[in-house]
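Next up, input_10.csv (CSV, C-alpha atoms):
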chain,number,residue,atom,x,y,z
A,968,THR,CA,-46.7,-111.2,80.9
A,969,MET,CA,-46.6,-108.0,79.0
A,970,LEU,CA,-50.1,-107.3,80.1
A,971,ASP,CA,-49.1,-107.1,83.8
A,972,VAL,CA,-49.6,-103.7,85.3
A,973,ALA,CA,-46.9,-102.5,87.7
A,974,LYS,CA,-48.1,-101.3,91.1
A,975,LEU,CA,-47.1,-97.7,91.7
A,976,THR,CA,-45.5,-97.7,95.1
A,977,TYR,CA,-44.7,-94.1,95.3
A,978,ALA,CA,-45.3,-92.6,98.8
A,979,SER,CA,-44.6,-89.0,97.8
A,980,ALA,CA,-45.1,-86.9,94.7
A,981,ALA,CA,-44.5,-83.3,93.9
A,982,VAL,CA,-46.3,-81.0,91.5
A,983,GLY,CA,-44.5,-78.1,89.9
A,984,SER,CA,-47.3,-75.7,90.6
A,985,THR,CA,-49.3,-74.3,93.5
A,986,ASN,CA,-52.4,-74.0,91.3
A,987,PRO,CA,-55.2,-75.8,93.2
A,988,ALA,CA,-56.7,-77.1,89.9
A,989,LYS,CA,-53.4,-78.7,88.9
A,990,VAL,CA,-52.6,-80.1,92.3
A,991,ALA,CA,-56.1,-81.6,92.5
A,992,ALA,CA,-55.7,-83.2,89.1
A,993,VAL,CA,-52.5,-85.0,90.3
A,994,ARG,CA,-54.3,-86.1,93.5
A,995,ARG,CA,-57.2,-87.4,91.6
A,996,ALA,CA,-55.1,-89.4,89.2
A,997,LEU,CA,-52.9,-90.9,91.9
A,998,ALA,CA,-55.7,-91.8,94.3
A,999,PRO,CA,-56.5,-95.1,92.5
A,1000,LEU,CA,-53.0,-95.7,91.0
A,1001,ALA,CA,-50.8,-94.9,94.0
A,1002,PRO,CA,-53.1,-95.1,97.0
A,1003,GLY,CA,-51.8,-93.1,100.0
A,1004,CYS,CA,-49.3,-91.2,98.0
A,1005,ALA,CA,-48.7,-87.7,99.5
A,1006,VAL,CA,-48.8,-84.8,97.0
A,1007,GLU,CA,-46.7,-81.7,97.6
A,1008,ALA,CA,-47.2,-78.4,95.6
A,1009,VAL,CA,-44.1,-76.5,94.6
A,1010,ASP,CA,-44.0,-73.1,93.1
A,1011,ALA,CA,-42.2,-73.6,89.8
A,1012,SER,CA,-43.5,-70.5,88.0
A,1013,GLY,CA,-40.0,-69.2,87.6
A,1014,GLU,CA,-39.2,-72.2,85.4
A,1015,THR,CA,-41.6,-71.3,82.6
A,1016,GLY,CA,-42.5,-68.2,80.6
A,1017,ALA,CA,-45.7,-66.5,81.4
A,1018,GLN,CA,-47.6,-67.9,78.4
A,1019,PRO,CA,-46.2,-70.8,76.3
A,1020,PHE,CA,-47.0,-70.8,72.6
A,1021,GLY,CA,-47.0,-74.0,70.6
A,1022,ASP,CA,-46.7,-77.7,71.5
A,1023,ASP,CA,-42.9,-77.6,71.9
A,1024,ALA,CA,-42.9,-74.7,74.3
A,1025,THR,CA,-45.8,-76.1,76.3
A,1026,HIS,CA,-44.2,-79.5,76.6
A,1027,ALA,CA,-40.9,-77.9,77.6
A,1028,GLY,CA,-42.7,-75.9,80.3
A,1029,ALA,CA,-44.3,-79.1,81.7
A,1030,LEU,CA,-40.9,-80.8,81.8
A,1031,ALA,CA,-39.2,-77.8,83.5
A,1032,ARG,CA,-42.0,-77.8,86.1
A,1033,ALA,CA,-41.5,-81.5,86.8
A,1034,ARG,CA,-37.7,-81.2,87.1
A,1035,ALA,CA,-38.1,-78.2,89.4
A,1036,ALA,CA,-40.5,-80.0,91.6
A,1037,LEU,CA,-38.2,-83.0,91.8
A,1038,ALA,CA,-35.2,-80.8,92.6
A,1039,ALA,CA,-37.0,-78.8,95.3
A,1040,THR,CA,-38.4,-81.8,97.2
A,1041,ARG,CA,-37.6,-85.3,98.3
A,1042,ALA,CA,-40.5,-86.6,96.4
A,1043,GLU,CA,-40.1,-89.9,94.5
A,1044,ILE,CA,-42.0,-88.7,91.4
A,1045,ALA,CA,-42.9,-85.3,90.1
A,1046,PHE,CA,-45.4,-83.9,87.7
A,1047,GLY,CA,-45.3,-80.8,85.5
A,1048,LEU,CA,-48.7,-79.6,84.1
A,1049,GLU,CA,-48.7,-76.8,81.5
A,1050,GLY,CA,-51.3,-75.2,79.4
A,1051,GLY,CA,-50.4,-73.4,76.2
A,1052,VAL,CA,-51.8,-71.7,73.2
A,1053,ILE,CA,-51.4,-72.7,69.6
A,1054,VAL,CA,-51.9,-70.0,67.0
A,1055,ASP,CA,-53.1,-71.5,63.7
A,1056,GLY,CA,-53.7,-68.6,61.3
A,1057,ALA,CA,-56.8,-66.8,62.6
A,1058,ARG,CA,-57.6,-69.6,65.0
A,1059,LEU,CA,-56.4,-70.1,68.6
A,1060,TRP,CA,-56.2,-73.5,70.3
A,1061,LEU,CA,-55.8,-74.4,73.9
A,1062,CYS,CA,-53.3,-77.2,74.4
A,1063,SER,CA,-52.0,-79.0,77.5
A,1064,TRP,CA,-49.1,-81.2,78.4
A,1065,VAL,CA,-48.2,-83.3,81.5
A,1066,VAL,CA,-44.8,-84.7,82.2
A,1067,ALA,CA,-44.2,-87.3,84.9
A,1068,LEU,CA,-40.6,-87.8,86.1
A,1069,ASP,CA,-39.1,-90.0,88.8
A,1070,ARG,CA,-35.7,-90.1,90.4
A,1071,SER,CA,-34.5,-93.0,88.2
A,1072,GLY,CA,-35.0,-90.7,85.2
A,1073,ARG,CA,-38.0,-92.6,83.9
A,1074,ARG,CA,-40.3,-90.2,82.1
A,1075,GLY,CA,-43.8,-90.2,80.7
A,1076,SER,CA,-45.6,-87.5,78.8
A,1077,ALA,CA,-49.2,-86.9,77.6
A,1078,SER,CA,-50.9,-84.1,75.7
A,1079,GLY,CA,-54.4,-83.2,75.0
A,1080,LEU,CA,-57.2,-80.8,76.0
A,1081,ARG,CA,-57.2,-79.3,72.5
A,1082,MET,CA,-60.1,-76.8,72.1
A,1083,GLU,CA,-60.6,-73.8,70.0
A,1084,LEU,CA,-60.5,-70.5,71.9
A,1085,PRO,CA,-62.6,-67.4,71.2
A,1086,PRO,CA,-60.9,-65.4,68.4
A,1087,ARG,CA,-61.3,-62.2,70.4
A,1088,LEU,CA,-58.5,-63.4,72.7
A,1089,ALA,CA,-55.9,-63.2,69.9
A,1090,ALA,CA,-55.0,-59.5,70.3
A,1091,GLY,CA,-54.4,-59.8,74.0
A,1092,LEU,CA,-52.2,-62.9,73.6
A,1093,ALA,CA,-50.3,-61.2,70.8
A,1094,ALA,CA,-49.6,-58.3,73.2
A,1095,GLY,CA,-48.0,-60.7,75.7
A,1096,ARG,CA,-50.9,-61.2,78.1
A,1097,GLU,CA,-51.7,-64.5,79.8
A,1098,LEU,CA,-54.6,-66.6,78.7
A,1099,GLY,CA,-56.0,-66.8,82.2
A,1100,ASP,CA,-56.2,-63.1,82.7
A,1101,LEU,CA,-57.9,-62.6,79.3
A,1102,VAL,CA,-60.4,-65.3,80.1
A,1103,ASP,CA,-61.1,-63.7,83.5
A,1104,GLU,CA,-61.9,-60.4,81.7
A,1105,LEU,CA,-64.0,-62.1,79.1
A,1106,PHE,CA,-66.2,-63.8,81.7
A,1107,GLY,CA,-65.9,-61.2,84.6
A,1108,ALA,CA,-64.3,-64.0,86.6
A,1109,ARG,CA,-61.3,-63.8,89.1
A,1110,ASP,CA,-58.4,-66.2,89.0
A,1111,SER,CA,-60.3,-68.8,87.0
A,1112,LYS,CA,-57.1,-70.7,86.1
A,1113,ARG,CA,-56.9,-71.7,89.7
A,1114,GLN,CA,-60.4,-73.1,89.6
A,1115,THR,CA,-62.5,-74.3,86.6
A,1116,GLY,CA,-60.2,-72.6,84.0
A,1117,ALA,CA,-61.0,-71.5,80.5
A,1118,ILE,CA,-62.2,-75.1,79.9
A,1119,GLY,CA,-64.8,-74.8,82.6
A,1120,LEU,CA,-66.0,-71.4,81.6
A,1121,LEU,CA,-66.2,-72.1,77.9
A,1122,THR,CA,-68.0,-75.5,78.4
A,1123,ALA,CA,-70.5,-74.0,80.9
A,1124,GLY,CA,-69.0,-76.1,83.7
A,1125,GLN,CA,-69.4,-79.4,81.8
A,1126,VAL,CA,-65.6,-80.1,81.9
A,1127,SER,CA,-63.3,-78.7,84.6
A,1128,ARG,CA,-59.6,-78.0,84.3
A,1129,THR,CA,-59.0,-80.5,87.1
A,1130,GLU,CA,-60.9,-83.3,85.4
A,1131,ALA,CA,-59.2,-82.7,82.1
A,1132,PHE,CA,-55.7,-82.6,83.5
A,1133,ALA,CA,-56.3,-85.7,85.7
A,1134,ASP,CA,-56.8,-87.8,82.6
A,1135,LEU,CA,-53.5,-86.5,81.2
A,1136,VAL,CA,-51.7,-87.2,84.5
A,1137,ALA,CA,-52.9,-90.8,84.3
A,1138,MET,CA,-51.9,-91.1,80.7
A,1139,ALA,CA,-48.4,-89.7,81.5
A,1140,LEU,CA,-48.0,-92.6,84.0
A,1141,ALA,CA,-48.4,-95.3,81.2
A,1142,PRO,CA,-44.6,-96.0,81.1
A,1143,PHE,CA,-44.6,-96.4,84.9
A,1144,LEU,CA,-47.7,-98.6,84.9
A,1145,ARG,CA,-46.6,-100.8,82.0
A,1146,PRO,CA,-42.8,-100.6,82.0
A,1147,ALA,CA,-42.2,-103.7,79.9
A,1148,LEU,CA,-44.0,-102.1,77.0
A,1149,TYR,CA,-41.9,-98.9,77.2
A,1150,ARG,CA,-38.5,-100.4,77.8
A,1151,ILE,CA,-36.1,-99.6,75.0
A,1152,SER,CA,-34.5,-102.7,73.7
A,1153,ALA,CA,-30.7,-103.0,73.4
A,1154,ARG,CA,-31.0,-103.6,69.7
A,1155,GLY,CA,-33.3,-100.6,69.5
In structure tokens, how does this file's structure come out?
Amino acid sequence: TMLDVAKLTYASAAVGSTNPAKVAAVRRALAPLAPGCAVEAVDASGETGAQPFGDDATHAGALARARAALAATRAEIAFGLEGGVIVDGARLWLCSWVVALDRSGRRGSASGLRMELPPRLAAGLAAGRELGDLVDELFGARDSKRQTGAIGLLTAGQVSRTEAFADLVAMALAPFLRPALYRISARG
């Protein structure tokens, strides 16, 4: 039936990042969905700009990371995870995208993790600085984007970057888990 869930039989996956928080998010999401799937980290930082602004650029960064990870490895499926900033007048928002891509060309995307960022970060972002560096300065932290991230620091540890991204990784896998529901009909 249409309600059948496909078993994910991937034995190998790649992540277009060496950031431990992102790699852990993919491992966490795949553990119950593709048990035993090995996860390889690939440095895909050259594929994206330092700090994406807006949904489109953040989604494009996630897709570029997934494509780079697939190209650089023999993995069966690859993931791109990207965090970006949306400027809405005087307000700043954190946004995140995940893209899953397999060798057959099947693709899934998910977005979320919207939260308002402190207004005092606006000037640094406008000057071309990365969100992670600005958050580190604000909290006197070091390389927080590789650990709890802005999310963890701003929520006093209640939500970690890994946990938040893991949900998006699982959501990006929906077309893989329920392919019948995502198949494009010939009449389409």
Residues of region 996-1018 of chain A that have any atom at most 12 Å from an atom of region 1055-1069 of chain A: could you tabulate them with the shortest-distance atom pair and the distance in Å to one decimal, using only C-alpha atoms, ordered by chain and increasing number, as CSV?
residue,atom,partner,partner_atom,distance
A:Ala996,CA,A:Ala1067,CA,11.9
A:Leu997,CA,A:Ala1067,CA,11.7
A:Gln1018,CA,A:Leu1061,CA,11.4
7 Å contact set for Val982 (chain A), all atoms listed in the file, chain neighbours under 4 positions out, as a PyMOL selection string: chain A and resi 990+1007-1009+1033+1036+1045-1047
Determine the axis-aligned bounding box of all atoms of region 1060-1065 of chain A present in the file, pad each side by 8 Å, and express its centre and edge lengths in Å to one decimal place as AutoDock Vina command-line options.
--center_x -52.2 --center_y -78.4 --center_z 75.9 --size_x 24.0 --size_y 25.8 --size_z 27.2
Contact residues around region 1084-1100 of chain A with all atoms listed in the file at 12 Å, ignoring same-chain residues under 5 positions, as a ChimeraX atom specification: /A:1016-1020,1050-1062,1105-1122,1128
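CA of Asn986 (chain A) sits 10.1 Å away from CA of Ser1012 (chain A).
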Separation of CA of Val972 (chain A) from CA of Pro1146 (chain A) in Å: 8.2 Å
Radius query 12 Å about (-44.6, -92.9, 91.3), atoms used: all atoms listed in the file, as number ranges by chain: A: 973-981, 993, 996-998, 1000-1006, 1037, 1042-1046, 1067-1075, 1136-1137, 1139-1144
